[in-house]
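Data block for model.txt (compact mmCIF, N, CA and C atoms):
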# COMPACT_ATOMS: atom_id res chain seq x y z
N MET A 253 -14.25 1.72 6.98
CA MET A 253 -13.44 0.90 7.88
C MET A 253 -12.78 1.80 8.90
N ASN A 254 -12.64 1.32 10.10
CA ASN A 254 -11.97 2.04 11.15
C ASN A 254 -10.52 2.29 10.75
N GLU A 255 -10.12 3.54 10.75
CA GLU A 255 -8.76 3.87 10.34
C GLU A 255 -7.72 3.26 11.28
N GLN A 256 -8.13 2.97 12.49
CA GLN A 256 -7.20 2.36 13.43
C GLN A 256 -7.09 0.86 13.23
N PHE A 257 -8.04 0.29 12.51
CA PHE A 257 -8.09 -1.14 12.20
C PHE A 257 -8.36 -2.00 13.42
N LEU A 258 -8.53 -1.39 14.57
CA LEU A 258 -8.85 -2.12 15.78
C LEU A 258 -9.83 -1.25 16.56
N THR A 259 -10.99 -1.80 16.85
CA THR A 259 -11.98 -1.01 17.58
C THR A 259 -11.56 -0.91 19.05
N LEU A 260 -12.17 0.02 19.75
CA LEU A 260 -11.89 0.15 21.19
C LEU A 260 -12.28 -1.13 21.93
N GLU A 261 -13.40 -1.73 21.51
CA GLU A 261 -13.85 -2.99 22.14
C GLU A 261 -12.82 -4.11 21.91
N GLU A 262 -12.33 -4.21 20.68
CA GLU A 262 -11.33 -5.24 20.38
C GLU A 262 -10.04 -4.99 21.16
N SER A 263 -9.65 -3.73 21.25
CA SER A 263 -8.45 -3.40 22.00
C SER A 263 -8.62 -3.80 23.48
N ALA A 264 -9.81 -3.55 24.01
CA ALA A 264 -10.09 -3.95 25.39
C ALA A 264 -10.04 -5.47 25.54
N GLN A 265 -10.54 -6.20 24.54
CA GLN A 265 -10.49 -7.66 24.59
C GLN A 265 -9.04 -8.14 24.60
N VAL A 266 -8.20 -7.51 23.78
CA VAL A 266 -6.79 -7.88 23.77
C VAL A 266 -6.16 -7.57 25.12
N ASP A 267 -6.47 -6.40 25.67
CA ASP A 267 -5.93 -6.03 26.98
C ASP A 267 -6.32 -7.03 28.05
N ALA A 268 -7.54 -7.56 27.96
CA ALA A 268 -8.04 -8.51 28.97
C ALA A 268 -7.48 -9.92 28.79
N ALA A 269 -6.91 -10.18 27.63
CA ALA A 269 -6.39 -11.53 27.36
C ALA A 269 -5.21 -11.84 28.26
N LEU A 270 -5.06 -13.11 28.57
CA LEU A 270 -3.95 -13.55 29.42
C LEU A 270 -2.70 -13.72 28.56
N LEU A 271 -2.16 -12.58 28.12
CA LEU A 271 -1.00 -12.56 27.23
C LEU A 271 0.03 -11.58 27.77
N SER A 272 1.27 -11.80 27.40
CA SER A 272 2.32 -10.84 27.75
C SER A 272 2.14 -9.58 26.90
N SER A 273 2.82 -8.52 27.26
CA SER A 273 2.74 -7.27 26.49
C SER A 273 3.14 -7.50 25.05
N HIS A 274 4.20 -8.27 24.84
CA HIS A 274 4.66 -8.57 23.48
C HIS A 274 3.60 -9.34 22.70
N GLU A 275 2.98 -10.31 23.35
CA GLU A 275 1.93 -11.10 22.68
C GLU A 275 0.70 -10.24 22.37
N LYS A 276 0.38 -9.31 23.24
CA LYS A 276 -0.74 -8.40 22.98
C LYS A 276 -0.44 -7.52 21.78
N PHE A 277 0.80 -7.02 21.70
CA PHE A 277 1.20 -6.22 20.54
C PHE A 277 1.05 -7.03 19.26
N LEU A 278 1.54 -8.27 19.26
CA LEU A 278 1.45 -9.12 18.07
C LEU A 278 0.00 -9.43 17.72
N THR A 279 -0.85 -9.60 18.73
CA THR A 279 -2.26 -9.86 18.49
C THR A 279 -2.91 -8.66 17.81
N ARG A 280 -2.63 -7.45 18.32
CA ARG A 280 -3.18 -6.24 17.69
C ARG A 280 -2.67 -6.10 16.25
N LEU A 281 -1.40 -6.35 16.06
CA LEU A 281 -0.81 -6.27 14.73
C LEU A 281 -1.46 -7.27 13.78
N THR A 282 -1.71 -8.47 14.25
CA THR A 282 -2.31 -9.52 13.42
C THR A 282 -3.74 -9.16 13.03
N ILE A 283 -4.53 -8.66 13.97
CA ILE A 283 -5.90 -8.26 13.66
C ILE A 283 -5.89 -7.13 12.64
N SER A 284 -5.04 -6.14 12.85
CA SER A 284 -4.94 -5.01 11.91
C SER A 284 -4.46 -5.48 10.54
N SER A 285 -3.51 -6.38 10.52
CA SER A 285 -2.98 -6.90 9.26
C SER A 285 -4.05 -7.66 8.49
N LEU A 286 -4.85 -8.44 9.20
CA LEU A 286 -5.94 -9.16 8.54
C LEU A 286 -6.89 -8.18 7.87
N ARG A 287 -7.26 -7.14 8.58
CA ARG A 287 -8.18 -6.15 8.00
C ARG A 287 -7.57 -5.49 6.77
N LEU A 288 -6.28 -5.19 6.84
CA LEU A 288 -5.61 -4.57 5.70
C LEU A 288 -5.54 -5.54 4.53
N LEU A 289 -5.24 -6.80 4.78
CA LEU A 289 -5.20 -7.79 3.71
C LEU A 289 -6.57 -7.98 3.07
N ILE A 290 -7.62 -7.93 3.86
CA ILE A 290 -8.98 -8.03 3.31
C ILE A 290 -9.23 -6.85 2.38
N HIS A 291 -8.82 -5.66 2.78
CA HIS A 291 -8.99 -4.48 1.94
C HIS A 291 -8.19 -4.61 0.64
N ILE A 292 -6.94 -5.04 0.75
CA ILE A 292 -6.08 -5.20 -0.44
C ILE A 292 -6.69 -6.24 -1.38
N ALA A 293 -7.13 -7.36 -0.84
CA ALA A 293 -7.73 -8.41 -1.66
C ALA A 293 -8.96 -7.88 -2.39
N ALA A 294 -9.78 -7.11 -1.69
CA ALA A 294 -10.97 -6.54 -2.32
C ALA A 294 -10.59 -5.60 -3.46
N SER A 295 -9.50 -4.86 -3.29
CA SER A 295 -9.09 -3.93 -4.34
C SER A 295 -8.64 -4.68 -5.60
N TYR A 296 -8.14 -5.89 -5.43
CA TYR A 296 -7.75 -6.74 -6.57
C TYR A 296 -8.86 -7.71 -6.97
N GLN A 297 -9.94 -7.70 -6.22
CA GLN A 297 -11.08 -8.59 -6.46
C GLN A 297 -10.66 -10.07 -6.46
N VAL A 298 -9.89 -10.42 -5.44
CA VAL A 298 -9.47 -11.81 -5.25
C VAL A 298 -9.67 -12.18 -3.78
N PRO A 299 -9.82 -13.46 -3.50
CA PRO A 299 -9.86 -13.88 -2.09
C PRO A 299 -8.52 -13.60 -1.42
N VAL A 300 -8.54 -13.33 -0.14
CA VAL A 300 -7.31 -13.03 0.61
C VAL A 300 -6.26 -14.11 0.39
N GLU A 301 -6.69 -15.35 0.40
CA GLU A 301 -5.72 -16.45 0.28
C GLU A 301 -5.05 -16.50 -1.10
N HIS A 302 -5.57 -15.77 -2.06
CA HIS A 302 -4.96 -15.73 -3.39
C HIS A 302 -4.05 -14.53 -3.60
N LEU A 303 -3.97 -13.65 -2.61
CA LEU A 303 -3.05 -12.52 -2.74
C LEU A 303 -1.62 -13.02 -2.84
N THR A 304 -0.84 -12.34 -3.64
CA THR A 304 0.58 -12.69 -3.76
C THR A 304 1.41 -11.59 -3.11
N PRO A 305 2.62 -11.91 -2.71
CA PRO A 305 3.50 -10.86 -2.18
C PRO A 305 3.66 -9.70 -3.16
N SER A 306 3.72 -10.00 -4.44
CA SER A 306 3.86 -8.94 -5.45
C SER A 306 2.65 -7.99 -5.44
N GLN A 307 1.46 -8.54 -5.29
CA GLN A 307 0.26 -7.69 -5.23
C GLN A 307 0.27 -6.82 -3.98
N ILE A 308 0.68 -7.38 -2.86
CA ILE A 308 0.73 -6.62 -1.61
C ILE A 308 1.74 -5.48 -1.73
N ILE A 309 2.90 -5.78 -2.28
CA ILE A 309 3.93 -4.75 -2.47
C ILE A 309 3.41 -3.66 -3.40
N ALA A 310 2.79 -4.06 -4.51
CA ALA A 310 2.27 -3.08 -5.47
C ALA A 310 1.20 -2.21 -4.83
N TRP A 311 0.36 -2.79 -4.00
CA TRP A 311 -0.68 -2.02 -3.33
C TRP A 311 -0.06 -0.96 -2.42
N PHE A 312 0.96 -1.37 -1.64
CA PHE A 312 1.64 -0.41 -0.76
C PHE A 312 2.33 0.69 -1.56
N GLU A 313 2.92 0.32 -2.68
CA GLU A 313 3.55 1.33 -3.54
C GLU A 313 2.52 2.34 -4.04
N GLU A 314 1.36 1.84 -4.45
CA GLU A 314 0.31 2.73 -4.95
C GLU A 314 -0.23 3.64 -3.84
N ASP A 315 -0.45 3.07 -2.65
CA ASP A 315 -0.95 3.88 -1.54
C ASP A 315 0.08 4.95 -1.16
N SER A 316 1.35 4.58 -1.20
CA SER A 316 2.42 5.54 -0.92
C SER A 316 2.46 6.65 -1.96
N LYS A 317 2.26 6.28 -3.22
CA LYS A 317 2.23 7.26 -4.31
C LYS A 317 1.07 8.24 -4.12
N ILE A 318 -0.08 7.71 -3.75
CA ILE A 318 -1.25 8.56 -3.49
C ILE A 318 -0.93 9.54 -2.37
N ARG A 319 -0.30 9.06 -1.31
CA ARG A 319 0.06 9.91 -0.17
C ARG A 319 0.99 11.04 -0.61
N ARG A 320 1.99 10.70 -1.43
CA ARG A 320 2.96 11.71 -1.89
C ARG A 320 2.30 12.73 -2.81
N GLU A 321 1.46 12.26 -3.72
CA GLU A 321 0.90 13.12 -4.76
C GLU A 321 -0.36 13.86 -4.34
N GLN A 322 -1.18 13.23 -3.48
CA GLN A 322 -2.47 13.82 -3.14
C GLN A 322 -2.61 14.18 -1.66
N GLY A 323 -1.63 13.78 -0.87
CA GLY A 323 -1.68 14.07 0.55
C GLY A 323 -2.14 12.88 1.37
N ALA A 324 -1.83 12.94 2.65
CA ALA A 324 -2.12 11.82 3.55
C ALA A 324 -3.61 11.50 3.64
N ALA A 325 -4.46 12.51 3.52
CA ALA A 325 -5.90 12.28 3.64
C ALA A 325 -6.43 11.41 2.51
N ALA A 326 -5.77 11.43 1.35
CA ALA A 326 -6.24 10.66 0.20
C ALA A 326 -5.79 9.20 0.24
N ALA A 327 -4.74 8.92 0.99
CA ALA A 327 -4.22 7.55 1.09
C ALA A 327 -5.11 6.71 2.00
N PHE A 328 -5.08 5.41 1.81
CA PHE A 328 -5.85 4.51 2.66
C PHE A 328 -5.24 4.42 4.05
N LEU A 329 -3.92 4.21 4.09
CA LEU A 329 -3.23 4.08 5.37
C LEU A 329 -2.99 5.46 5.95
N LYS A 330 -3.33 5.63 7.18
CA LYS A 330 -3.17 6.92 7.86
C LYS A 330 -1.98 6.96 8.79
N TRP A 331 -1.23 5.89 8.84
CA TRP A 331 -0.06 5.85 9.71
C TRP A 331 1.19 5.69 8.92
Could you express the structure from this file as structure tokens?
Amino acid sequence: MNEQFLTLEESAQVDAALLSSHEKFLTRLTISSLRLLIHIAASYQVPVEHLTPSQIIAWFEEDSKIRREQGAAAAFLKW
């Protein structure tokens, strides 16, 4: 998966959209969030719509733990 969660082509599409700067930011954030939720759901082997807030929090805690213990390169999130 693209570590940026948004391809250059998608970023260009957002830039070309008739949206304010704030709306473009939210659009990029939403696309990236969807990709992250798909990844989290796959790690729990559940459909995205069945993810719970507790699972999302636990996933972030685990990724953070990996970053602390193994370094940033080992974590899924690079930002």
I'd like the contact shell of Arg280 (chain A) - 8 Å cut-off, all atoms listed in the file, skipping same-chain residues fewer than 4 positions apart - returned as a tab-separated table (two decimals) with N, CA and C atoms, keeping the file's coordinate frame.
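Generated file (around_28.tsv):
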chain	number	residue	atom	x	y	z
A	257	PHE	N	-8.04	0.29	12.51
A	257	PHE	CA	-8.09	-1.14	12.20
A	257	PHE	C	-8.36	-2.00	13.42
A	258	LEU	N	-8.53	-1.39	14.57
A	258	LEU	CA	-8.85	-2.12	15.78
A	258	LEU	C	-9.83	-1.25	16.56
A	262	GLU	N	-12.33	-4.21	20.68
A	262	GLU	CA	-11.33	-5.24	20.38
A	262	GLU	C	-10.04	-4.99	21.16
A	263	SER	N	-9.65	-3.73	21.25
A	263	SER	CA	-8.45	-3.40	22.00
A	263	SER	C	-8.62	-3.80	23.48
A	266	VAL	N	-8.20	-7.51	23.78
A	266	VAL	CA	-6.79	-7.88	23.77
A	266	VAL	C	-6.16	-7.57	25.12
A	274	HIS	N	4.20	-8.27	24.84
A	274	HIS	CA	4.66	-8.57	23.48
A	274	HIS	C	3.60	-9.34	22.70
A	275	GLU	N	2.98	-10.31	23.35
A	275	GLU	CA	1.93	-11.10	22.68
A	275	GLU	C	0.70	-10.24	22.37
A	276	LYS	N	0.38	-9.31	23.24
A	276	LYS	CA	-0.74	-8.40	22.98
A	276	LYS	C	-0.44	-7.52	21.78
A	284	SER	N	-5.04	-6.14	12.85
A	284	SER	CA	-4.94	-5.01	11.91
A	284	SER	C	-4.46	-5.48	10.54
A	285	SER	N	-3.51	-6.38	10.52
A	285	SER	CA	-2.98	-6.90	9.26
A	285	SER	C	-4.05	-7.66	8.49
A	286	LEU	N	-4.85	-8.44	9.20
A	286	LEU	CA	-5.94	-9.16	8.54
A	286	LEU	C	-6.89	-8.18	7.87
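Computed from the coordinates, the CA of Ile290 (chain A) to atom C of Asp267 (chain A) distance equals 24.9 Å.
The space separating atom C of Ala326 (chain A) from atom N of Leu278 (chain A) comes to 26.8 Å.
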### Task
Considering only C-alpha atoms, state which residue in the set A:Leu329, A:Ala324, A:Val298, A:Ile292 is at the smallest distance from Trp311 (chain A).
A:Ile292
### Task
Run DSSP on the backbone of this structure and report the residues of chain A it assigns to helix (DSSP H, G or I), as a PyMOL selection string.
chain A and resi 260-268+273-296+300-302+305-322+324-326
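Between CA of Val300 (chain A) and CA of Gln322 (chain A) there is a distance of 27.5 Å.
Nearest to Glu313 (chain A) of all the residues A:Leu270, A:Leu260, A:Ala294, A:Ala327 is A:Ala327, counting only C-alpha atoms.
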Edge lengths and centre in Å to one decimal, as AutoDock Vina command-line options, of the axis-aligned box that encloses all listed atoms of region 275-284 of chain A with 3 Å added on every side?
--center_x -1.5 --center_y -8.1 --center_z 16.9 --size_x 14.9 --size_y 12.1 --size_z 18.8
